[in-house]
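Listing of upload-v3.txt, compact mmCIF, N, CA, C and O atoms and all ligand atoms
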# COMPACT_ATOMS: atom_id res chain seq x y z
N MET A 1 -250.61 191.49 -153.23
CA MET A 1 -251.66 192.03 -154.09
C MET A 1 -251.75 193.54 -153.89
O MET A 1 -251.68 194.02 -152.77
N THR A 2 -251.88 194.27 -154.99
CA THR A 2 -252.04 195.71 -154.93
C THR A 2 -253.27 196.08 -155.77
O THR A 2 -253.85 195.22 -156.43
N THR A 3 -253.63 197.33 -155.73
CA THR A 3 -254.82 197.77 -156.46
C THR A 3 -254.56 199.11 -157.13
O THR A 3 -253.96 200.00 -156.54
N PHE A 4 -254.98 199.21 -158.38
CA PHE A 4 -254.98 200.51 -159.07
C PHE A 4 -256.37 200.71 -159.66
O PHE A 4 -257.21 199.79 -159.61
N SER A 5 -256.63 201.89 -160.17
CA SER A 5 -257.95 202.13 -160.74
C SER A 5 -257.86 202.23 -162.25
O SER A 5 -256.85 202.70 -162.80
N PHE A 6 -258.89 201.75 -162.92
CA PHE A 6 -258.99 201.89 -164.38
C PHE A 6 -260.40 202.38 -164.68
O PHE A 6 -261.38 201.68 -164.38
N ALA A 7 -260.46 203.57 -165.22
CA ALA A 7 -261.76 204.17 -165.54
C ALA A 7 -262.70 204.13 -164.33
O ALA A 7 -263.89 203.90 -164.46
N GLY A 8 -262.11 204.32 -163.16
CA GLY A 8 -262.89 204.40 -161.94
C GLY A 8 -263.12 203.08 -161.22
O GLY A 8 -263.61 203.07 -160.10
N ALA A 9 -262.75 201.95 -161.85
CA ALA A 9 -262.94 200.64 -161.22
C ALA A 9 -261.63 200.20 -160.55
O ALA A 9 -260.55 200.45 -161.06
N ASP A 10 -261.74 199.56 -159.40
CA ASP A 10 -260.56 199.03 -158.72
C ASP A 10 -260.12 197.74 -159.39
O ASP A 10 -260.91 196.81 -159.56
N ILE A 11 -258.83 197.68 -159.76
CA ILE A 11 -258.28 196.51 -160.46
C ILE A 11 -257.18 195.90 -159.59
O ILE A 11 -256.21 196.57 -159.26
N PRO A 12 -257.29 194.62 -159.23
CA PRO A 12 -256.22 193.98 -158.45
C PRO A 12 -255.04 193.62 -159.35
O PRO A 12 -255.22 193.30 -160.52
N ALA A 13 -253.84 193.68 -158.78
CA ALA A 13 -252.64 193.31 -159.53
C ALA A 13 -251.64 192.63 -158.60
O ALA A 13 -251.50 193.02 -157.44
N GLU A 14 -250.95 191.65 -159.13
CA GLU A 14 -249.88 190.99 -158.39
C GLU A 14 -248.64 191.88 -158.43
O GLU A 14 -248.46 192.66 -159.39
N PRO A 15 -247.75 191.77 -157.45
CA PRO A 15 -246.51 192.55 -157.50
C PRO A 15 -245.74 192.27 -158.78
O PRO A 15 -245.54 191.11 -159.17
N GLY A 16 -245.34 193.32 -159.47
CA GLY A 16 -244.58 193.18 -160.70
C GLY A 16 -245.42 192.96 -161.94
O GLY A 16 -244.90 192.96 -163.06
N GLN A 17 -246.69 192.81 -161.79
CA GLN A 17 -247.57 192.57 -162.94
C GLN A 17 -247.77 193.88 -163.72
O GLN A 17 -247.84 194.96 -163.15
N SER A 18 -247.87 193.75 -165.03
CA SER A 18 -248.11 194.95 -165.85
C SER A 18 -249.57 195.37 -165.73
O SER A 18 -250.46 194.57 -165.40
N ILE A 19 -249.80 196.64 -166.03
CA ILE A 19 -251.17 197.15 -166.05
C ILE A 19 -251.99 196.36 -167.06
O ILE A 19 -253.12 195.96 -166.77
N GLY A 20 -251.41 196.08 -168.22
CA GLY A 20 -252.14 195.34 -169.25
C GLY A 20 -252.52 193.94 -168.81
O GLY A 20 -253.64 193.49 -169.05
N ALA A 21 -251.60 193.23 -168.18
CA ALA A 21 -251.90 191.87 -167.72
C ALA A 21 -252.99 191.89 -166.65
O ALA A 21 -253.89 191.04 -166.66
N ALA A 22 -252.93 192.86 -165.76
CA ALA A 22 -253.95 192.96 -164.71
C ALA A 22 -255.32 193.28 -165.33
O ALA A 22 -256.34 192.74 -164.89
N LEU A 23 -255.31 194.15 -166.34
CA LEU A 23 -256.59 194.49 -166.99
C LEU A 23 -257.16 193.27 -167.72
O LEU A 23 -258.37 193.02 -167.68
N LEU A 24 -256.31 192.52 -168.40
CA LEU A 24 -256.79 191.31 -169.08
C LEU A 24 -257.38 190.33 -168.07
O LEU A 24 -258.45 189.76 -168.29
N ALA A 25 -256.67 190.16 -166.94
CA ALA A 25 -257.14 189.23 -165.91
C ALA A 25 -258.49 189.69 -165.34
O ALA A 25 -259.29 188.86 -164.90
N ALA A 26 -258.71 191.00 -165.35
CA ALA A 26 -259.96 191.55 -164.82
C ALA A 26 -261.07 191.56 -165.88
O ALA A 26 -262.19 192.00 -165.60
N GLY A 27 -260.74 191.13 -167.10
CA GLY A 27 -261.76 191.01 -168.13
C GLY A 27 -261.83 192.14 -169.13
O GLY A 27 -262.71 192.16 -169.99
N TYR A 28 -260.90 193.09 -169.04
CA TYR A 28 -260.92 194.22 -169.99
C TYR A 28 -260.22 193.82 -171.28
O TYR A 28 -259.08 193.33 -171.25
N ARG A 29 -260.85 194.01 -172.41
CA ARG A 29 -260.24 193.69 -173.70
C ARG A 29 -259.88 194.95 -174.48
O ARG A 29 -259.11 194.89 -175.42
N SER A 30 -260.44 196.08 -174.11
CA SER A 30 -260.14 197.34 -174.77
C SER A 30 -259.55 198.31 -173.75
O SER A 30 -260.08 198.43 -172.64
N VAL A 31 -258.44 198.97 -174.11
CA VAL A 31 -257.82 199.92 -173.18
C VAL A 31 -257.71 201.31 -173.78
O VAL A 31 -257.32 202.25 -173.08
N ARG A 32 -258.00 201.46 -175.06
CA ARG A 32 -257.92 202.80 -175.67
C ARG A 32 -258.81 202.84 -176.91
O ARG A 32 -259.38 201.82 -177.32
N THR A 33 -258.93 204.03 -177.51
CA THR A 33 -259.62 204.18 -178.79
C THR A 33 -258.69 204.86 -179.78
O THR A 33 -257.78 205.61 -179.39
N THR A 34 -258.91 204.59 -181.06
CA THR A 34 -258.03 205.13 -182.08
C THR A 34 -258.30 206.62 -182.32
O THR A 34 -259.38 207.12 -182.03
N ARG A 35 -257.27 207.30 -182.86
CA ARG A 35 -257.36 208.75 -183.07
C ARG A 35 -258.45 209.12 -184.07
O ARG A 35 -259.21 210.04 -183.85
N ARG A 36 -258.49 208.45 -185.19
CA ARG A 36 -259.37 208.88 -186.27
C ARG A 36 -260.80 208.37 -186.10
O ARG A 36 -261.75 209.15 -186.23
N ASP A 37 -260.96 207.10 -185.83
CA ASP A 37 -262.30 206.51 -185.82
C ASP A 37 -262.85 206.22 -184.43
O ASP A 37 -264.02 205.85 -184.30
N GLY A 38 -262.04 206.35 -183.42
CA GLY A 38 -262.50 206.03 -182.07
C GLY A 38 -262.77 204.55 -181.88
O GLY A 38 -263.56 204.17 -181.02
N ALA A 39 -262.10 203.72 -182.68
CA ALA A 39 -262.28 202.27 -182.57
C ALA A 39 -261.54 201.72 -181.36
O ALA A 39 -260.45 202.19 -181.03
N PRO A 40 -262.11 200.73 -180.69
CA PRO A 40 -261.46 200.18 -179.50
C PRO A 40 -260.21 199.37 -179.85
O PRO A 40 -260.17 198.69 -180.87
N ARG A 41 -259.22 199.47 -178.99
CA ARG A 41 -257.99 198.69 -179.14
C ARG A 41 -257.59 198.14 -177.78
O ARG A 41 -257.83 198.76 -176.75
N GLY A 42 -256.94 196.98 -177.80
CA GLY A 42 -256.46 196.37 -176.56
C GLY A 42 -255.07 195.81 -176.77
O GLY A 42 -254.41 196.14 -177.75
N LEU A 43 -254.65 194.95 -175.86
CA LEU A 43 -253.33 194.36 -176.00
C LEU A 43 -253.29 193.47 -177.25
O LEU A 43 -254.20 192.69 -177.49
N PHE A 44 -252.21 193.62 -178.02
CA PHE A 44 -252.04 192.82 -179.23
C PHE A 44 -250.73 192.03 -179.12
O PHE A 44 -250.75 190.81 -179.04
N CYS A 45 -249.59 192.74 -179.09
CA CYS A 45 -248.31 192.02 -179.01
C CYS A 45 -247.95 191.64 -177.58
O CYS A 45 -247.35 190.60 -177.35
N GLY A 46 -248.27 192.51 -176.66
CA GLY A 46 -247.97 192.25 -175.26
C GLY A 46 -246.51 192.42 -174.88
O GLY A 46 -246.12 192.10 -173.75
N ILE A 47 -245.69 192.97 -175.80
CA ILE A 47 -244.25 193.11 -175.53
C ILE A 47 -243.72 194.50 -175.89
O ILE A 47 -242.52 194.68 -176.09
N GLY A 48 -244.59 195.50 -176.00
CA GLY A 48 -244.12 196.86 -176.22
C GLY A 48 -243.77 197.21 -177.64
O GLY A 48 -243.03 198.17 -177.88
N VAL A 49 -244.32 196.50 -178.61
CA VAL A 49 -243.96 196.75 -180.01
C VAL A 49 -245.07 197.45 -180.79
O VAL A 49 -244.82 198.36 -181.57
N CYS A 50 -246.32 197.07 -180.58
CA CYS A 50 -247.40 197.51 -181.48
C CYS A 50 -248.06 198.83 -181.08
O CYS A 50 -248.73 199.46 -181.90
N PHE A 51 -247.91 199.27 -179.87
CA PHE A 51 -248.51 200.52 -179.37
C PHE A 51 -250.04 200.49 -179.40
O PHE A 51 -250.68 201.53 -179.46
N ASP A 52 -250.65 199.33 -179.37
CA ASP A 52 -252.11 199.25 -179.32
C ASP A 52 -252.67 199.40 -177.91
O ASP A 52 -253.87 199.48 -177.73
N CYS A 53 -251.80 199.44 -176.92
CA CYS A 53 -252.28 199.39 -175.53
C CYS A 53 -252.04 200.69 -174.78
O CYS A 53 -251.86 200.69 -173.56
N LEU A 54 -252.06 201.81 -175.50
CA LEU A 54 -251.76 203.10 -174.86
C LEU A 54 -252.81 203.47 -173.81
O LEU A 54 -254.01 203.39 -174.05
N VAL A 55 -252.31 203.86 -172.65
CA VAL A 55 -253.19 204.30 -171.56
C VAL A 55 -252.62 205.59 -170.96
O VAL A 55 -251.49 205.97 -171.21
N VAL A 56 -253.45 206.23 -170.17
CA VAL A 56 -253.05 207.42 -169.42
C VAL A 56 -252.88 207.00 -167.97
O VAL A 56 -253.80 206.46 -167.37
N VAL A 57 -251.69 207.21 -167.43
CA VAL A 57 -251.41 206.82 -166.04
C VAL A 57 -251.09 208.07 -165.24
O VAL A 57 -250.14 208.80 -165.55
N ASN A 58 -251.89 208.32 -164.23
CA ASN A 58 -251.72 209.50 -163.37
C ASN A 58 -251.60 210.77 -164.21
O ASN A 58 -250.76 211.63 -163.94
N GLY A 59 -252.43 210.86 -165.25
CA GLY A 59 -252.47 212.05 -166.10
C GLY A 59 -251.44 212.07 -167.21
O GLY A 59 -251.43 213.00 -168.01
N ARG A 60 -250.58 211.08 -167.28
CA ARG A 60 -249.53 211.05 -168.31
C ARG A 60 -249.96 210.11 -169.44
O ARG A 60 -250.06 208.90 -169.24
N PRO A 61 -250.21 210.66 -170.64
CA PRO A 61 -250.65 209.81 -171.76
C PRO A 61 -249.48 209.09 -172.43
O PRO A 61 -248.32 209.43 -172.22
N GLY A 62 -249.84 208.10 -173.26
CA GLY A 62 -248.85 207.45 -174.10
C GLY A 62 -248.05 206.35 -173.44
O GLY A 62 -247.02 205.95 -173.97
N LEU A 63 -248.50 205.84 -172.31
CA LEU A 63 -247.78 204.73 -171.69
C LEU A 63 -248.33 203.40 -172.19
O LEU A 63 -249.53 203.26 -172.44
N LEU A 64 -247.44 202.44 -172.35
CA LEU A 64 -247.82 201.12 -172.85
C LEU A 64 -248.27 200.25 -171.68
O LEU A 64 -247.46 199.92 -170.81
N ALA A 65 -249.53 199.88 -171.67
CA ALA A 65 -250.06 199.08 -170.56
C ALA A 65 -249.35 197.74 -170.43
O ALA A 65 -249.19 197.23 -169.33
N CYS A 66 -248.89 197.19 -171.55
CA CYS A 66 -248.31 195.84 -171.51
C CYS A 66 -246.94 195.79 -170.86
O CYS A 66 -246.51 194.71 -170.43
N VAL A 67 -246.24 196.92 -170.78
CA VAL A 67 -244.90 196.91 -170.18
C VAL A 67 -244.77 197.91 -169.03
O VAL A 67 -243.66 198.14 -168.55
N THR A 68 -245.87 198.49 -168.60
CA THR A 68 -245.84 199.42 -167.47
C THR A 68 -246.33 198.69 -166.23
O THR A 68 -247.44 198.16 -166.21
N GLU A 69 -245.50 198.68 -165.22
CA GLU A 69 -245.84 197.96 -163.99
C GLU A 69 -246.99 198.64 -163.26
O GLU A 69 -247.01 199.87 -163.12
N ALA A 70 -247.93 197.85 -162.80
CA ALA A 70 -249.04 198.37 -162.00
C ALA A 70 -248.53 198.71 -160.60
O ALA A 70 -247.86 197.90 -159.97
N ARG A 71 -248.83 199.91 -160.17
CA ARG A 71 -248.41 200.34 -158.83
C ARG A 71 -249.64 200.72 -158.03
O ARG A 71 -250.62 201.25 -158.57
N ALA A 72 -249.54 200.49 -156.75
CA ALA A 72 -250.67 200.79 -155.86
C ALA A 72 -251.09 202.24 -155.99
O ALA A 72 -250.25 203.14 -155.96
N GLY A 73 -252.37 202.45 -156.16
CA GLY A 73 -252.92 203.80 -156.20
C GLY A 73 -252.86 204.49 -157.54
O GLY A 73 -253.35 205.61 -157.67
N ASP A 74 -252.23 203.87 -158.55
CA ASP A 74 -252.20 204.49 -159.88
C ASP A 74 -253.62 204.72 -160.38
O ASP A 74 -254.51 203.89 -160.18
N GLU A 75 -253.80 205.86 -161.03
CA GLU A 75 -255.08 206.15 -161.68
C GLU A 75 -254.87 206.00 -163.18
O GLU A 75 -254.20 206.83 -163.81
N VAL A 76 -255.41 204.93 -163.72
CA VAL A 76 -255.24 204.61 -165.14
C VAL A 76 -256.56 204.84 -165.84
O VAL A 76 -257.62 204.51 -165.30
N ARG A 77 -256.48 205.43 -167.03
CA ARG A 77 -257.71 205.56 -167.82
C ARG A 77 -257.42 205.24 -169.28
O ARG A 77 -256.27 205.34 -169.73
N PRO A 78 -258.43 204.85 -170.01
CA PRO A 78 -258.23 204.56 -171.44
C PRO A 78 -257.74 205.82 -172.15
O PRO A 78 -258.18 206.92 -171.83
N GLN A 79 -256.84 205.65 -173.11
CA GLN A 79 -256.39 206.79 -173.89
C GLN A 79 -257.30 206.96 -175.08
O GLN A 79 -257.44 206.06 -175.91
N GLU A 80 -257.92 208.12 -175.15
CA GLU A 80 -258.79 208.44 -176.29
C GLU A 80 -258.02 209.35 -177.23
O GLU A 80 -257.51 210.38 -176.82
N GLY A 81 -257.93 208.96 -178.49
CA GLY A 81 -257.17 209.74 -179.46
C GLY A 81 -255.71 209.78 -179.07
O GLY A 81 -255.12 208.77 -178.71
N THR A 82 -255.13 210.99 -179.10
CA THR A 82 -253.71 211.14 -178.77
C THR A 82 -253.48 211.17 -177.27
O THR A 82 -252.33 211.11 -176.82
N GLY A 83 -254.53 211.33 -176.52
CA GLY A 83 -254.38 211.49 -175.08
C GLY A 83 -254.06 212.92 -174.70
O GLY A 83 -253.96 213.27 -173.54
N ARG A 84 -253.87 213.74 -175.73
CA ARG A 84 -253.56 215.16 -175.50
C ARG A 84 -254.60 216.05 -176.18
O ARG A 84 -254.38 217.24 -176.34
N ASP A 85 -255.70 215.47 -176.60
CA ASP A 85 -256.70 216.21 -177.35
C ASP A 85 -257.24 217.40 -176.55
O ASP A 85 -257.62 218.42 -177.13
N HIS A 86 -257.28 217.25 -175.23
CA HIS A 86 -257.80 218.35 -174.42
C HIS A 86 -256.89 219.57 -174.46
O HIS A 86 -257.29 220.66 -174.06
N LEU A 87 -255.66 219.42 -174.97
CA LEU A 87 -254.72 220.54 -175.05
C LEU A 87 -254.83 221.28 -176.38
O LEU A 87 -254.27 222.36 -176.51
N ALA A 88 -255.54 220.70 -177.36
CA ALA A 88 -255.64 221.32 -178.69
C ALA A 88 -256.42 222.61 -178.62
O ALA A 88 -257.37 222.73 -177.86
N CYS A 89 -255.99 223.57 -179.41
CA CYS A 89 -256.69 224.87 -179.45
C CYS A 89 -257.74 224.88 -180.53
O CYS A 89 -257.64 224.25 -181.51
S1 LIG B 101 -249.72 195.33 -176.60
FE1 LIG B 101 -248.34 195.88 -178.14
S2 LIG B 101 -247.24 197.55 -177.30
FE2 LIG B 101 -248.54 196.88 -175.70

Please rewrite the model in this file as structure tokens.
Ligand code: FES
Amino acid sequence: MTTFSFAGADIPAEPGQSIGAALLAAGYRSVRTTRRDGAPRGLFCGIGVCFDCLVVVNGRPGLLACVTEARAGDEVRPQEGTGRDHLAC
């Protein structure tokens, strides 16, 4: 068992488990918000096709929670918009 953080909460994960699977097991249904409307989105396909599960991992936006392995100590947060909005001028 390992642990990573999501939006400041400690999330347990089994070795080899994806961030998305661990979040679902912990009860999270939304992992990001949409660019235009800020609507919540969560895992949909679960196989890296739909891009509904984008998260920011250790400051890197655009990672797919459903196919990204959870690693001990990772800091994961929901992706809001593009995940790069703070860089816009
Ligand atoms: S849930 Fe579809 S790409 Fe992750």

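When atom N of Glu80 in chain A is paired with atom N of Ala13 in chain A, their separation reads 22.2 Å.
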
Which residues are near range 74-77 of chain A? Cut-off 7 Å, only C-alpha atoms, ignore same chain within fewer than 2 positions. Put them as a ChimeraX atom specification. /A:4-7,55-58,71-72,79

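For the pair atom O of Ala21 in chain A and atom N of Thr68 in chain A, the interatomic distance is 11.1 Å.
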
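The nearest approach to Val49 in chain A among the residues A:Asp37, A:Val67, A:Gly8, A:Gly62, with only C-alpha atoms taken into account, belongs to A:Val67.
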
Close residues to ligand LIG 101 (chain B) using only C-alpha atoms and all ligand atoms, limit 9 Å, as a ChimeraX atom specification: /A:20,42-54,63-67

When DSSP is applied to the backbone of this structure, which of chain A are assigned strand (DSSP E)? Write them out as number ranges by chain. A: 2-6, 9-13, 32-33, 40-41, 54-57, 60-64, 75-80

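The nearest approach to Arg84 in chain A among the residues A:Pro61, A:Ala70, A:Thr2, A:Arg36, with all atoms listed in the file taken into account, belongs to A:Pro61.
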
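Here CA of Thr82 in chain A stands at a distance of 11.3 Å from CA of Arg60 in chain A.
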
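In terms of minimum interatomic distance to Ser30 in chain A, A:Pro78 ranks closest within A:Pro78, A:Gly59, A:Gly73, A:Pro15, counting only C-alpha atoms.
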
Excluding Pro40 in chain A and residues on its chain fewer than 3 positions from it, collect all residues at most 8 Å away from it, counting only C-alpha atoms, and give them as number ranges by chain. A: 30-34

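Here the DSSP assignment of alpha helix (DSSP H), based on backbone atoms, applies within chain A to Ile19, Gly20, Ala21, Ala22, Leu23, Leu24 and Ala25 of chain A.
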
Polymer residues at most 6 Å from Glu69 in chain A, all atoms listed in the file, same-chain spacing of 6 or more positions, as an NGL selection string: :A and (16-19)

Can I get the selection written as a tab-separated table (two decimals), in the coordinates of the input, with N, CA, C and O atoms?
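Heads up, here's the output in out37.tsv:
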chain	number	residue	atom	x	y	z
A	16	GLY	N	-245.34	193.32	-159.47
A	16	GLY	CA	-244.58	193.18	-160.70
A	16	GLY	C	-245.42	192.96	-161.94
A	16	GLY	O	-244.90	192.96	-163.06
A	17	GLN	N	-246.69	192.81	-161.79
A	17	GLN	CA	-247.57	192.57	-162.94
A	17	GLN	C	-247.77	193.88	-163.72
A	17	GLN	O	-247.84	194.96	-163.15
A	18	SER	N	-247.87	193.75	-165.03
A	18	SER	CA	-248.11	194.95	-165.85
A	18	SER	C	-249.57	195.37	-165.73
A	18	SER	O	-250.46	194.57	-165.40
A	19	ILE	N	-249.80	196.64	-166.03
A	19	ILE	CA	-251.17	197.15	-166.05
A	19	ILE	C	-251.99	196.36	-167.06
A	19	ILE	O	-253.12	195.96	-166.77
